[in-house]
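K.L.:
Let me begin by handing over the structure; questions about it come next.
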Amino acid sequence: MDREILKKYFAPKKFTLIGLSILILFGTAIGSITPYIFGKVIDLIISGRISSILILMLLMLLLEIIGAILSSIENYFGSKVTLEISNLIKIDLFSKIICMGMENLDQYTKGELINRIENDTSAIAKSYLDFITGIFQIVISVIVSFYFAILLSQELTVVFILFFPILYGGTMIFKKKYKQSLERMKEFTDKLWGFTNEVFGNFEGLKSNVLESFFQKKMGVMFTESERVSKKFFVIQGEMNFCQNAINAIFDCFMLGVAGILISNRKLSIGNYVSFNQYIGTLTQATAQVMSFVVGLTACRVSVQRVEDIFNEPIEDVSLSDKNKVGTIENIKFESVTFGYQDALVLKGLNLTLNGAGMYAVVGKNGCGKSTLLKLLLRLYRQSAGNIFINGNNIKNFNLANLRQQISYIPKNSFLLNETVRFNITLGRKVDDKSLAEICRKVDLVDFIESLPHKYEEIIGENGCILSSGTKQKFAIARAMLQNTTLWLCDEITSDLDGDVEKKIVEILQKLAKDKIIIIISHKLSTIDKSNMIFLMHDGCIEEAGTNKEMIGRSCLYRQMFEESLNIS
Ligand SMILES: Nc1ncnc2c1ncn2[C@@H]1O[C@H](COP(=O)(O)OP(=O)(O)OP(=O)(O)O)[C@@H](O)[C@H]1O
Ligand SMILES: [Mg+2]
């Protein structure tokens with residue numbers, strides 16, 4: 001996967017990366033010469049040859065300024081390419097997520113998915129880019145610094161080489177602990193995003209139940225937990241730093257001692273020692289940088305794994321094709337359909353046949369599986385046993401996008417976007433103003449839309465927040481009418497409508513049912529009593545079927561469910 005990511009996202013940016021590397025090459029080379037000149041200046045000061053100093057100092061200044069300019073350009077391009085690469089990964093991850101099937105999406109919380117898109121992709125882009133450009137910089141500075149170090153003192157260079165494995169190996173012992181701790185931190189951030197997302201998506205519920213202090217406390221508890229997890233991580237970081245600094249300190253003292261002996265034996269000038277020290281500084285810095293890459297890449301592997309988990313999820317093929325199209329839907333058959341979201345079964349060998357156009361109602365107690373039935377028909381989930389047929393063809397053989405386009409699905413809480421009234425009804429389809437107004441009139445939306453300052457161009461807010469729940473249902477019904485399909489799945493679409501509008505909508509459905517199959521799920525007798533056939537679901541199966549009149553006579557459960565409405569009527 002690492003290699004795949006590098007190939008897919010970094011390879012297309014190779015020219016920018018090469019340009020960046022050339023900048024780094026020049027910057028590092030120029031930066032590497034100044035310590036040498038610095039040492040020479042010191043030796044000139046000690047020997048009293050002040051007149052030659054000025055030219056060297058001017059040279060040093062020029063080199064420093066060129067180095068600073070190169071470093072600024074390099075920073076700009078480095079940040080730009082990191083952003084571009086992380087955005088490319090984000091876009092792909094987002095596209096992947098929205099093409100995953102519901103069964104796979106159900107395994108993640110929304111916060112978890114947002115965290116992976118937002119943070120893990122950025123971490124991957126930054127770590128790899130730092131690594132790619134950093135390694136180049138390190139190699140150049142190591143070569144140049146070694147060259148100058150040998151030139152200045154071979155003895156001290158040998159001592160440094162002997163110490164090198166200890167300098168490098170110090171932090172490696174913490175690698176595993178560091179990775180585990182980082183994984184725990186990431187898991188925790190997932191939880192935090194999930195929690196925040198849940199709270200911010202339910203402000204009304206939170207406020208109406210006066211849950212502010214409950215959530216404040218919960219947030220407090222979560223942050224205490226966050227601090228606990230982070231503190232463990234900081235301890236490991238601290239241990240790593242201490243180990244590194246202790247090794248460096250021992251090394252510095254040792255080198256000072258050896259240098260002292262060499263200077264007193266006149267094998268090394270003070271100026272050369274100062275220069276040497278700066279080159280060794282660069283070399284140890286390079287070592288530290290290598291270790292920080294090791295650590296950074298360890299952290300990056302955690303993010304890669306989290307992104308990889310999503311990239312490895314199967315996706316639904318939602319491309320439209322002329323093959324296996326559904327056409328006019330004339331009959332539907334559920335044959336011994338068994339399904340459960342997790343272990344518990346919701347449908348247990350359910351059989352149901354709808355033959356020809358008509359209005360069909362499905363009723364049953366809460367949680368008996370009515371909505372699930374519709375979701376299986378849309379292939380949002382797959383049954384574990386049994387088959388579903390449309391026009392005698394198994395729905396698993398249909399082109400998925402076409403199947404879904406041939407069905408008007410109106411769930412109880414239909415989705416609304418922070419877009420215009422027009423877009424929310426047409427969903428981007430081209431519809432002339434007259435037809436749109438006609439449909440809105442049928443579902444009693446015209447007065448409401450005309451009352452809006454920007455009418456059809458009014459933005460309806462996040463999740464349609466400016467709309468009442470009844471108006472939201474009218475939007476969903478208008479949308480379905482525009483779709484003009486031969487199968488309607490209506491899941492409690494009248495639950496929030498007032499009596500008059502409900503009557504109007506049921507009349508519309510009855511008219512539509514002359515040449516369409518309309519499946520209605522409802523807990524309201526007034527919505528379903530005119531249906532051609534009513535199916536009563538119980539214990540994962542269809543227990544009884546008949547017209548309203550037949551059902552009242554036949555089924556105790558049916559009578560019980562609608563007792564109140566029956567008494568009134
Ligand atoms: N995504 C899901 N993951 C796990 N379980 C689920 C999921 N959706 C529904 N269920 C469970 O499946 C069962 C059937 O749910 P379903 O929504 O189909 O019931 P329903 O008959 O439509 O109920 P209601 O009348 O309340 O709308 C319930 O026990 C529910 O808790
Ligand atoms: Mg339901």
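Letters A, B, ... go to the chains of the structure tokens in the order shown; residues in each chain start at 1; ligands are counted from 1 in the same order.
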Could you give me, as a PDB file with all heavy atoms, in the first residue's frame, every polymer residue with an atom at most 9 Å away from an atom of ligand 1, counting only C-alpha atoms and all ligand atoms?
P.N.:
```pdb
ATOM      1  N   MET A 102     -24.044   0.070   2.144  1.00  0.00           N
ATOM      2  CA  MET A 102     -24.513   0.403   3.498  1.00  0.00           C
ATOM      3  C   MET A 102     -23.940  -0.555   4.543  1.00  0.00           C
ATOM      4  O   MET A 102     -23.611  -0.151   5.647  1.00  0.00           O
ATOM      5  CB  MET A 102     -26.041   0.355   3.563  1.00  0.00           C
ATOM      6  CG  MET A 102     -26.745   1.499   2.889  1.00  0.00           C
ATOM      7  SD  MET A 102     -26.217   3.103   3.484  1.00  0.00           S
ATOM      8  CE  MET A 102     -26.643   3.006   5.203  1.00  0.00           C
ATOM      9  N   GLU A 103     -23.839  -1.861   4.162  1.00  0.00           N
ATOM     10  CA  GLU A 103     -23.334  -2.853   5.125  1.00  0.00           C
ATOM     11  C   GLU A 103     -21.935  -2.478   5.618  1.00  0.00           C
ATOM     12  O   GLU A 103     -21.614  -2.641   6.785  1.00  0.00           O
ATOM     13  CB  GLU A 103     -23.265  -4.235   4.476  1.00  0.00           C
ATOM     14  CG  GLU A 103     -24.595  -4.945   4.476  1.00  0.00           C
ATOM     15  CD  GLU A 103     -24.853  -5.694   3.189  1.00  0.00           C
ATOM     16  OE1 GLU A 103     -24.005  -5.642   2.281  1.00  0.00           O
ATOM     17  OE2 GLU A 103     -25.927  -6.305   3.086  1.00  0.00           O
ATOM     18  N   ASP A 106     -21.992   0.956   7.664  1.00  0.00           N
ATOM     19  CA  ASP A 106     -22.514   0.789   9.026  1.00  0.00           C
ATOM     20  C   ASP A 106     -21.409   0.455  10.038  1.00  0.00           C
ATOM     21  O   ASP A 106     -21.593   0.624  11.235  1.00  0.00           O
ATOM     22  CB  ASP A 106     -23.570  -0.328   9.065  1.00  0.00           C
ATOM     23  CG  ASP A 106     -24.920   0.157   8.547  1.00  0.00           C
ATOM     24  OD1 ASP A 106     -25.062   1.362   8.325  1.00  0.00           O
ATOM     25  OD2 ASP A 106     -25.834  -0.679   8.371  1.00  0.00           O
ATOM     26  N   GLY A 340     -30.623 -10.223   8.391  1.00  0.00           N
ATOM     27  CA  GLY A 340     -30.380  -9.593   9.694  1.00  0.00           C
ATOM     28  C   GLY A 340     -29.229  -8.619   9.547  1.00  0.00           C
ATOM     29  O   GLY A 340     -28.313  -8.864   8.771  1.00  0.00           O
ATOM     30  N   TYR A 341     -29.287  -7.480  10.246  1.00  0.00           N
ATOM     31  CA  TYR A 341     -28.191  -6.501  10.138  1.00  0.00           C
ATOM     32  C   TYR A 341     -26.929  -7.061  10.795  1.00  0.00           C
ATOM     33  O   TYR A 341     -25.853  -6.971  10.255  1.00  0.00           O
ATOM     34  CB  TYR A 341     -28.582  -5.176  10.792  1.00  0.00           C
ATOM     35  CG  TYR A 341     -29.646  -4.440  10.020  1.00  0.00           C
ATOM     36  CD1 TYR A 341     -30.991  -4.581  10.347  1.00  0.00           C
ATOM     37  CD2 TYR A 341     -29.302  -3.634   8.951  1.00  0.00           C
ATOM     38  CE1 TYR A 341     -31.971  -3.912   9.640  1.00  0.00           C
ATOM     39  CE2 TYR A 341     -30.277  -2.961   8.227  1.00  0.00           C
ATOM     40  CZ  TYR A 341     -31.611  -3.110   8.579  1.00  0.00           C
ATOM     41  OH  TYR A 341     -32.571  -2.447   7.870  1.00  0.00           O
ATOM     42  N   GLN A 342     -27.144  -7.596  12.013  1.00  0.00           N
ATOM     43  CA  GLN A 342     -26.025  -8.282  12.649  1.00  0.00           C
ATOM     44  C   GLN A 342     -26.430  -9.750  12.800  1.00  0.00           C
ATOM     45  O   GLN A 342     -26.839 -10.351  11.825  1.00  0.00           O
ATOM     46  CB  GLN A 342     -25.684  -7.634  13.984  1.00  0.00           C
ATOM     47  CG  GLN A 342     -24.771  -6.415  13.849  1.00  0.00           C
ATOM     48  CD  GLN A 342     -25.453  -5.133  14.260  1.00  0.00           C
ATOM     49  OE1 GLN A 342     -26.345  -5.131  15.120  1.00  0.00           O
ATOM     50  NE2 GLN A 342     -25.056  -4.036  13.652  1.00  0.00           N
ATOM     51  N   ALA A 344     -28.914 -11.033  14.868  1.00  0.00           N
ATOM     52  CA  ALA A 344     -30.354 -11.252  15.012  1.00  0.00           C
ATOM     53  C   ALA A 344     -31.068 -11.094  13.671  1.00  0.00           C
ATOM     54  O   ALA A 344     -30.820 -10.128  12.945  1.00  0.00           O
ATOM     55  CB  ALA A 344     -30.915 -10.263  16.019  1.00  0.00           C
ATOM     56  N   LEU A 345     -31.942 -12.052  13.367  1.00  0.00           N
ATOM     57  CA  LEU A 345     -32.647 -11.987  12.084  1.00  0.00           C
ATOM     58  C   LEU A 345     -33.827 -11.029  12.164  1.00  0.00           C
ATOM     59  O   LEU A 345     -34.580 -11.019  13.144  1.00  0.00           O
ATOM     60  CB  LEU A 345     -33.145 -13.380  11.693  1.00  0.00           C
ATOM     61  CG  LEU A 345     -32.071 -14.386  11.250  1.00  0.00           C
ATOM     62  CD1 LEU A 345     -32.715 -15.709  10.861  1.00  0.00           C
ATOM     63  CD2 LEU A 345     -31.240 -13.829  10.089  1.00  0.00           C
ATOM     64  N   VAL A 346     -33.988 -10.229  11.114  1.00  0.00           N
ATOM     65  CA  VAL A 346     -35.136  -9.314  11.035  1.00  0.00           C
ATOM     66  C   VAL A 346     -36.203  -9.957  10.139  1.00  0.00           C
ATOM     67  O   VAL A 346     -37.376 -10.007  10.484  1.00  0.00           O
ATOM     68  CB  VAL A 346     -34.698  -7.939  10.464  1.00  0.00           C
ATOM     69  CG1 VAL A 346     -35.909  -7.029  10.293  1.00  0.00           C
ATOM     70  CG2 VAL A 346     -33.659  -7.275  11.360  1.00  0.00           C
ATOM     71  N   LEU A 347     -35.771 -10.453   8.991  1.00  0.00           N
ATOM     72  CA  LEU A 347     -36.699 -11.167   8.105  1.00  0.00           C
ATOM     73  C   LEU A 347     -36.348 -12.647   8.144  1.00  0.00           C
ATOM     74  O   LEU A 347     -35.182 -13.021   8.039  1.00  0.00           O
ATOM     75  CB  LEU A 347     -36.586 -10.635   6.673  1.00  0.00           C
ATOM     76  CG  LEU A 347     -36.737  -9.124   6.478  1.00  0.00           C
ATOM     77  CD1 LEU A 347     -36.647  -8.759   5.005  1.00  0.00           C
ATOM     78  CD2 LEU A 347     -38.058  -8.617   7.058  1.00  0.00           C
ATOM     79  N   VAL A 363     -47.954  -3.101   7.005  1.00  0.00           N
ATOM     80  CA  VAL A 363     -48.104  -2.602   8.382  1.00  0.00           C
ATOM     81  C   VAL A 363     -47.483  -3.610   9.354  1.00  0.00           C
ATOM     82  O   VAL A 363     -47.227  -4.765   8.993  1.00  0.00           O
ATOM     83  CB  VAL A 363     -49.603  -2.355   8.746  1.00  0.00           C
ATOM     84  CG1 VAL A 363     -50.214  -1.289   7.864  1.00  0.00           C
ATOM     85  CG2 VAL A 363     -50.414  -3.645   8.668  1.00  0.00           C
ATOM     86  N   GLY A 364     -47.268  -3.157  10.542  1.00  0.00           N
ATOM     87  CA  GLY A 364     -46.681  -4.039  11.553  1.00  0.00           C
ATOM     88  C   GLY A 364     -46.137  -3.197  12.690  1.00  0.00           C
ATOM     89  O   GLY A 364     -45.990  -1.978  12.553  1.00  0.00           O
ATOM     90  N   LYS A 365     -45.842  -3.865  13.788  1.00  0.00           N
ATOM     91  CA  LYS A 365     -45.344  -3.146  14.974  1.00  0.00           C
ATOM     92  C   LYS A 365     -43.972  -2.535  14.686  1.00  0.00           C
ATOM     93  O   LYS A 365     -43.265  -2.978  13.781  1.00  0.00           O
ATOM     94  CB  LYS A 365     -45.222  -4.128  16.147  1.00  0.00           C
ATOM     95  CG  LYS A 365     -46.549  -4.726  16.564  1.00  0.00           C
ATOM     96  CD  LYS A 365     -46.996  -4.085  17.855  1.00  0.00           C
ATOM     97  CE  LYS A 365     -48.318  -4.675  18.308  1.00  0.00           C
ATOM     98  NZ  LYS A 365     -49.008  -3.865  19.261  1.00  0.00           N
ATOM     99  N   ASN A 366     -43.586  -1.560  15.523  1.00  0.00           N
ATOM    100  CA  ASN A 366     -42.254  -0.959  15.401  1.00  0.00           C
ATOM    101  C   ASN A 366     -41.168  -2.024  15.436  1.00  0.00           C
ATOM    102  O   ASN A 366     -41.214  -2.934  16.255  1.00  0.00           O
ATOM    103  CB  ASN A 366     -41.986   0.018  16.563  1.00  0.00           C
ATOM    104  CG  ASN A 366     -42.819   1.272  16.462  1.00  0.00           C
ATOM    105  OD1 ASN A 366     -43.505   1.652  17.394  1.00  0.00           O
ATOM    106  ND2 ASN A 366     -42.779   1.905  15.325  1.00  0.00           N
ATOM    107  N   GLY A 367     -40.216  -1.883  14.521  1.00  0.00           N
ATOM    108  CA  GLY A 367     -39.050  -2.772  14.532  1.00  0.00           C
ATOM    109  C   GLY A 367     -39.295  -4.132  13.916  1.00  0.00           C
ATOM    110  O   GLY A 367     -38.416  -5.002  13.970  1.00  0.00           O
ATOM    111  N   CYS A 368     -40.475  -4.340  13.299  1.00  0.00           N
ATOM    112  CA  CYS A 368     -40.747  -5.683  12.746  1.00  0.00           C
ATOM    113  C   CYS A 368     -40.057  -5.891  11.403  1.00  0.00           C
ATOM    114  O   CYS A 368     -40.011  -7.007  10.886  1.00  0.00           O
ATOM    115  CB  CYS A 368     -42.250  -5.944  12.639  1.00  0.00           C
ATOM    116  SG  CYS A 368     -43.030  -4.976  11.348  1.00  0.00           S
ATOM    117  N   GLY A 369     -39.527  -4.818  10.809  1.00  0.00           N
ATOM    118  CA  GLY A 369     -38.741  -4.997   9.574  1.00  0.00           C
ATOM    119  C   GLY A 369     -39.356  -4.405   8.318  1.00  0.00           C
ATOM    120  O   GLY A 369     -38.937  -4.740   7.209  1.00  0.00           O
ATOM    121  N   LYS A 370     -40.323  -3.506   8.476  1.00  0.00           N
ATOM    122  CA  LYS A 370     -41.004  -2.930   7.297  1.00  0.00           C
ATOM    123  C   LYS A 370     -40.031  -2.106   6.442  1.00  0.00           C
ATOM    124  O   LYS A 370     -39.940  -2.306   5.234  1.00  0.00           O
ATOM    125  CB  LYS A 370     -42.179  -2.033   7.753  1.00  0.00           C
ATOM    126  CG  LYS A 370     -43.195  -2.734   8.630  1.00  0.00           C
ATOM    127  CD  LYS A 370     -44.317  -1.834   9.042  1.00  0.00           C
ATOM    128  CE  LYS A 370     -43.911  -0.712   9.975  1.00  0.00           C
ATOM    129  NZ  LYS A 370     -43.388  -1.149  11.293  1.00  0.00           N
ATOM    130  N   SER A 371     -39.299  -1.187   7.099  1.00  0.00           N
ATOM    131  CA  SER A 371     -38.361  -0.341   6.336  1.00  0.00           C
ATOM    132  C   SER A 371     -37.265  -1.198   5.713  1.00  0.00           C
ATOM    133  O   SER A 371     -36.818  -0.950   4.595  1.00  0.00           O
ATOM    134  CB  SER A 371     -37.725   0.707   7.249  1.00  0.00           C
ATOM    135  OG  SER A 371     -38.726   1.497   7.827  1.00  0.00           O
ATOM    136  N   THR A 372     -36.863  -2.235   6.451  1.00  0.00           N
ATOM    137  CA  THR A 372     -35.820  -3.139   5.957  1.00  0.00           C
ATOM    138  C   THR A 372     -36.233  -3.767   4.628  1.00  0.00           C
ATOM    139  O   THR A 372     -35.427  -3.905   3.704  1.00  0.00           O
ATOM    140  CB  THR A 372     -35.546  -4.233   7.011  1.00  0.00           C
ATOM    141  OG1 THR A 372     -35.223  -3.591   8.225  1.00  0.00           O
ATOM    142  CG2 THR A 372     -34.429  -5.156   6.602  1.00  0.00           C
ATOM    143  N   LEU A 373     -37.503  -4.116   4.539  1.00  0.00           N
ATOM    144  CA  LEU A 373     -38.058  -4.726   3.323  1.00  0.00           C
ATOM    145  C   LEU A 373     -37.803  -3.824   2.114  1.00  0.00           C
ATOM    146  O   LEU A 373     -37.363  -4.275   1.058  1.00  0.00           O
ATOM    147  CB  LEU A 373     -39.573  -4.887   3.547  1.00  0.00           C
ATOM    148  CG  LEU A 373     -40.328  -5.905   2.749  1.00  0.00           C
ATOM    149  CD1 LEU A 373     -39.916  -7.294   3.161  1.00  0.00           C
ATOM    150  CD2 LEU A 373     -41.832  -5.724   2.990  1.00  0.00           C
ATOM    151  N   LEU A 374     -38.057  -2.521   2.301  1.00  0.00           N
ATOM    152  CA  LEU A 374     -37.856  -1.568   1.201  1.00  0.00           C
ATOM    153  C   LEU A 374     -36.365  -1.431   0.870  1.00  0.00           C
ATOM    154  O   LEU A 374     -35.986  -1.319  -0.294  1.00  0.00           O
ATOM    155  CB  LEU A 374     -38.431  -0.185   1.572  1.00  0.00           C
ATOM    156  CG  LEU A 374     -39.899  -0.141   2.000  1.00  0.00           C
ATOM    157  CD1 LEU A 374     -40.368   1.304   2.113  1.00  0.00           C
ATOM    158  CD2 LEU A 374     -40.787  -0.894   1.013  1.00  0.00           C
ATOM    159  N   LYS A 375     -35.526  -1.447   1.908  1.00  0.00           N
ATOM    160  CA  LYS A 375     -34.083  -1.276   1.675  1.00  0.00           C
ATOM    161  C   LYS A 375     -33.514  -2.461   0.889  1.00  0.00           C
ATOM    162  O   LYS A 375     -32.597  -2.297   0.096  1.00  0.00           O
ATOM    163  CB  LYS A 375     -33.346  -1.120   3.016  1.00  0.00           C
ATOM    164  CG  LYS A 375     -33.636   0.235   3.655  1.00  0.00           C
ATOM    165  CD  LYS A 375     -33.024   0.366   5.011  1.00  0.00           C
ATOM    166  CE  LYS A 375     -33.548   1.600   5.723  1.00  0.00           C
ATOM    167  NZ  LYS A 375     -33.177   1.653   7.125  1.00  0.00           N
ATOM    168  N   LYS A 412     -38.803   7.999   5.649  1.00  0.00           N
ATOM    169  CA  LYS A 412     -39.486   8.870   6.630  1.00  0.00           C
ATOM    170  C   LYS A 412     -38.754  10.209   6.741  1.00  0.00           C
ATOM    171  O   LYS A 412     -39.361  11.252   6.679  1.00  0.00           O
ATOM    172  CB  LYS A 412     -39.541   8.176   7.996  1.00  0.00           C
ATOM    173  CG  LYS A 412     -40.285   8.980   9.039  1.00  0.00           C
ATOM    174  CD  LYS A 412     -40.545   8.137  10.240  1.00  0.00           C
ATOM    175  CE  LYS A 412     -41.275   8.797  11.377  1.00  0.00           C
ATOM    176  NZ  LYS A 412     -41.463  10.193  11.402  1.00  0.00           N
ATOM    177  N   ASP A 491     -42.185   5.278   2.843  1.00  0.00           N
ATOM    178  CA  ASP A 491     -42.023   4.837   4.232  1.00  0.00           C
ATOM    179  C   ASP A 491     -42.496   5.935   5.187  1.00  0.00           C
ATOM    180  O   ASP A 491     -41.774   6.895   5.447  1.00  0.00           O
ATOM    181  CB  ASP A 491     -40.536   4.509   4.480  1.00  0.00           C
ATOM    182  CG  ASP A 491     -40.346   3.665   5.736  1.00  0.00           C
ATOM    183  OD1 ASP A 491     -41.315   3.541   6.513  1.00  0.00           O
ATOM    184  OD2 ASP A 491     -39.238   3.126   5.916  1.00  0.00           O
ATOM    185  N   GLU A 492     -43.711   5.780   5.660  1.00  0.00           N
ATOM    186  CA  GLU A 492     -44.316   6.742   6.598  1.00  0.00           C
ATOM    187  C   GLU A 492     -44.260   8.172   6.073  1.00  0.00           C
ATOM    188  O   GLU A 492     -43.865   9.094   6.785  1.00  0.00           O
ATOM    189  CB  GLU A 492     -43.634   6.655   7.956  1.00  0.00           C
ATOM    190  CG  GLU A 492     -43.858   5.293   8.595  1.00  0.00           C
ATOM    191  CD  GLU A 492     -43.316   5.218  10.006  1.00  0.00           C
ATOM    192  OE1 GLU A 492     -43.511   6.190  10.737  1.00  0.00           O
ATOM    193  OE2 GLU A 492     -42.714   4.201  10.335  1.00  0.00           O
ATOM    194  N   ILE A 521     -45.785   2.211   3.681  1.00  0.00           N
ATOM    195  CA  ILE A 521     -45.655   1.755   5.064  1.00  0.00           C
ATOM    196  C   ILE A 521     -46.235   2.864   5.910  1.00  0.00           C
ATOM    197  O   ILE A 521     -45.901   4.048   5.701  1.00  0.00           O
ATOM    198  CB  ILE A 521     -44.176   1.533   5.432  1.00  0.00           C
ATOM    199  CG1 ILE A 521     -43.623   0.315   4.691  1.00  0.00           C
ATOM    200  CG2 ILE A 521     -44.009   1.385   6.941  1.00  0.00           C
ATOM    201  CD1 ILE A 521     -42.142   0.122   4.862  1.00  0.00           C
ATOM    202  N   SER A 522     -47.125   2.519   6.796  1.00  0.00           N
ATOM    203  CA  SER A 522     -47.674   3.583   7.639  1.00  0.00           C
ATOM    204  C   SER A 522     -48.257   3.009   8.931  1.00  0.00           C
ATOM    205  O   SER A 522     -48.675   1.855   8.977  1.00  0.00           O
ATOM    206  CB  SER A 522     -48.755   4.339   6.871  1.00  0.00           C
ATOM    207  OG  SER A 522     -49.286   5.351   7.684  1.00  0.00           O
ATOM    208  N   HIS A 523     -48.257   3.846   9.939  1.00  0.00           N
ATOM    209  CA  HIS A 523     -48.919   3.478  11.195  1.00  0.00           C
ATOM    210  C   HIS A 523     -50.285   4.156  11.269  1.00  0.00           C
ATOM    211  O   HIS A 523     -50.977   4.054  12.273  1.00  0.00           O
ATOM    212  CB  HIS A 523     -48.055   3.901  12.392  1.00  0.00           C
ATOM    213  CG  HIS A 523     -46.770   3.137  12.488  1.00  0.00           C
ATOM    214  ND1 HIS A 523     -46.717   1.842  12.929  1.00  0.00           N
ATOM    215  CD2 HIS A 523     -45.501   3.473  12.173  1.00  0.00           C
ATOM    216  CE1 HIS A 523     -45.458   1.412  12.901  1.00  0.00           C
ATOM    217  NE2 HIS A 523     -44.699   2.398  12.440  1.00  0.00           N
ATOM    218  N   MET A 537     -46.991  -7.493   8.777  1.00  0.00           N
ATOM    219  CA  MET A 537     -45.715  -8.165   9.088  1.00  0.00           C
ATOM    220  C   MET A 537     -45.642  -8.491  10.567  1.00  0.00           C
ATOM    221  O   MET A 537     -45.988  -7.655  11.412  1.00  0.00           O
ATOM    222  CB  MET A 537     -44.537  -7.229   8.744  1.00  0.00           C
ATOM    223  CG  MET A 537     -44.022  -7.414   7.345  1.00  0.00           C
ATOM    224  SD  MET A 537     -42.551  -6.426   7.094  1.00  0.00           S
ATOM    225  CE  MET A 537     -41.311  -7.495   7.750  1.00  0.00           C
ATOM    226  N   GLY A 540     -40.861 -11.365  11.424  1.00  0.00           N
ATOM    227  CA  GLY A 540     -40.013 -11.574  10.246  1.00  0.00           C
ATOM    228  C   GLY A 540     -40.715 -12.164   9.040  1.00  0.00           C
ATOM    229  O   GLY A 540     -40.059 -12.549   8.075  1.00  0.00           O
TER     230      GLY A 540
END
```
K.L.:
Which residues are close to Leu268 in chain A, i.e. within 10 Å by only C-alpha atoms, leaving aside same-chain residues fewer than 3 positions away? Reply as a list in words.
P.N.:
Leu152, Ser153, Glu155, Leu156, Ala259, Gly260, Ile261, Leu262, Ile263, Ser264, Asn265, Gly271, Asn272 and Tyr273 of chain A
K.L.:
Hey, can you spit out that residue selection with N, CA, C and O atoms as a compact mmCIF listing (two decimals), in the first residue's frame?
P.N.:
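Generated file (part00.txt):
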```txt
# COMPACT_ATOMS: atom_id res chain seq x y z
N LEU A 152 39.17 18.74 7.79
CA LEU A 152 39.56 19.51 8.97
C LEU A 152 40.29 18.64 10.01
O LEU A 152 41.25 19.08 10.62
N SER A 153 39.76 17.41 10.28
CA SER A 153 40.43 16.54 11.24
C SER A 153 40.03 15.08 11.02
O SER A 153 38.87 14.69 11.29
N GLU A 155 41.22 12.50 12.66
CA GLU A 155 41.10 11.80 13.95
C GLU A 155 39.69 11.96 14.53
O GLU A 155 39.05 10.99 14.94
N LEU A 156 39.24 13.23 14.56
CA LEU A 156 37.90 13.48 15.15
C LEU A 156 36.81 12.80 14.31
O LEU A 156 35.81 12.32 14.85
N ALA A 259 39.24 16.57 21.16
CA ALA A 259 39.65 17.81 20.48
C ALA A 259 40.69 18.55 21.32
O ALA A 259 41.69 19.07 20.80
N GLY A 260 40.45 18.57 22.68
CA GLY A 260 41.39 19.25 23.59
C GLY A 260 42.79 18.67 23.45
O GLY A 260 43.78 19.41 23.36
N ILE A 261 42.86 17.33 23.42
CA ILE A 261 44.17 16.66 23.29
C ILE A 261 44.81 17.05 21.95
O ILE A 261 45.99 17.40 21.88
N LEU A 262 44.01 17.02 20.86
CA LEU A 262 44.56 17.32 19.53
C LEU A 262 45.05 18.78 19.44
O LEU A 262 46.12 19.04 18.87
N ILE A 263 44.28 19.71 20.04
CA ILE A 263 44.68 21.14 19.99
C ILE A 263 45.97 21.33 20.78
O ILE A 263 46.91 22.01 20.33
N SER A 264 46.03 20.70 22.00
CA SER A 264 47.24 20.89 22.81
C SER A 264 48.47 20.27 22.14
O SER A 264 49.59 20.71 22.34
N ASN A 265 48.25 19.22 21.32
CA ASN A 265 49.38 18.62 20.57
C ASN A 265 49.61 19.32 19.22
O ASN A 265 50.36 18.81 18.38
N GLY A 271 40.27 27.35 15.08
CA GLY A 271 39.31 27.68 14.01
C GLY A 271 38.81 26.41 13.33
O GLY A 271 37.60 26.25 13.10
N ASN A 272 39.72 25.47 13.05
CA ASN A 272 39.30 24.22 12.41
C ASN A 272 38.39 23.40 13.33
O ASN A 272 37.45 22.74 12.88
N TYR A 273 38.68 23.49 14.66
CA TYR A 273 37.81 22.75 15.59
C TYR A 273 36.40 23.34 15.58
O TYR A 273 35.40 22.61 15.57
```
K.L.:
Pick the closest to Met240 in chain A from A:Val159, A:Ile280, A:Ile30, A:Ala288: which is it, counting only C-alpha atoms?
P.N.:
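The answer is A:Ala288, which sits nearest to Met240 in chain A.
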K.L.:
Write out as an MDAnalysis selection string each polymer residue whose atoms come within 9 Å of range 329-337 of chain A, counting only C-alpha atoms; drop sequence neighbours fewer than 3 positions from it.
P.N.:
chainID A and resid 326 347:357 377 383:392 406:407 485:487 515:517 541
K.L.:
Going by DSSP on the backbone, which residues of range 309-355 of chain A come out as strand (DSSP E)? List them as JSON, numbers by chain.
P.N.:
{"A": [331, 332, 333, 334, 335, 336, 337, 338, 339, 347, 348, 349, 350, 351, 352, 353, 354, 355]}
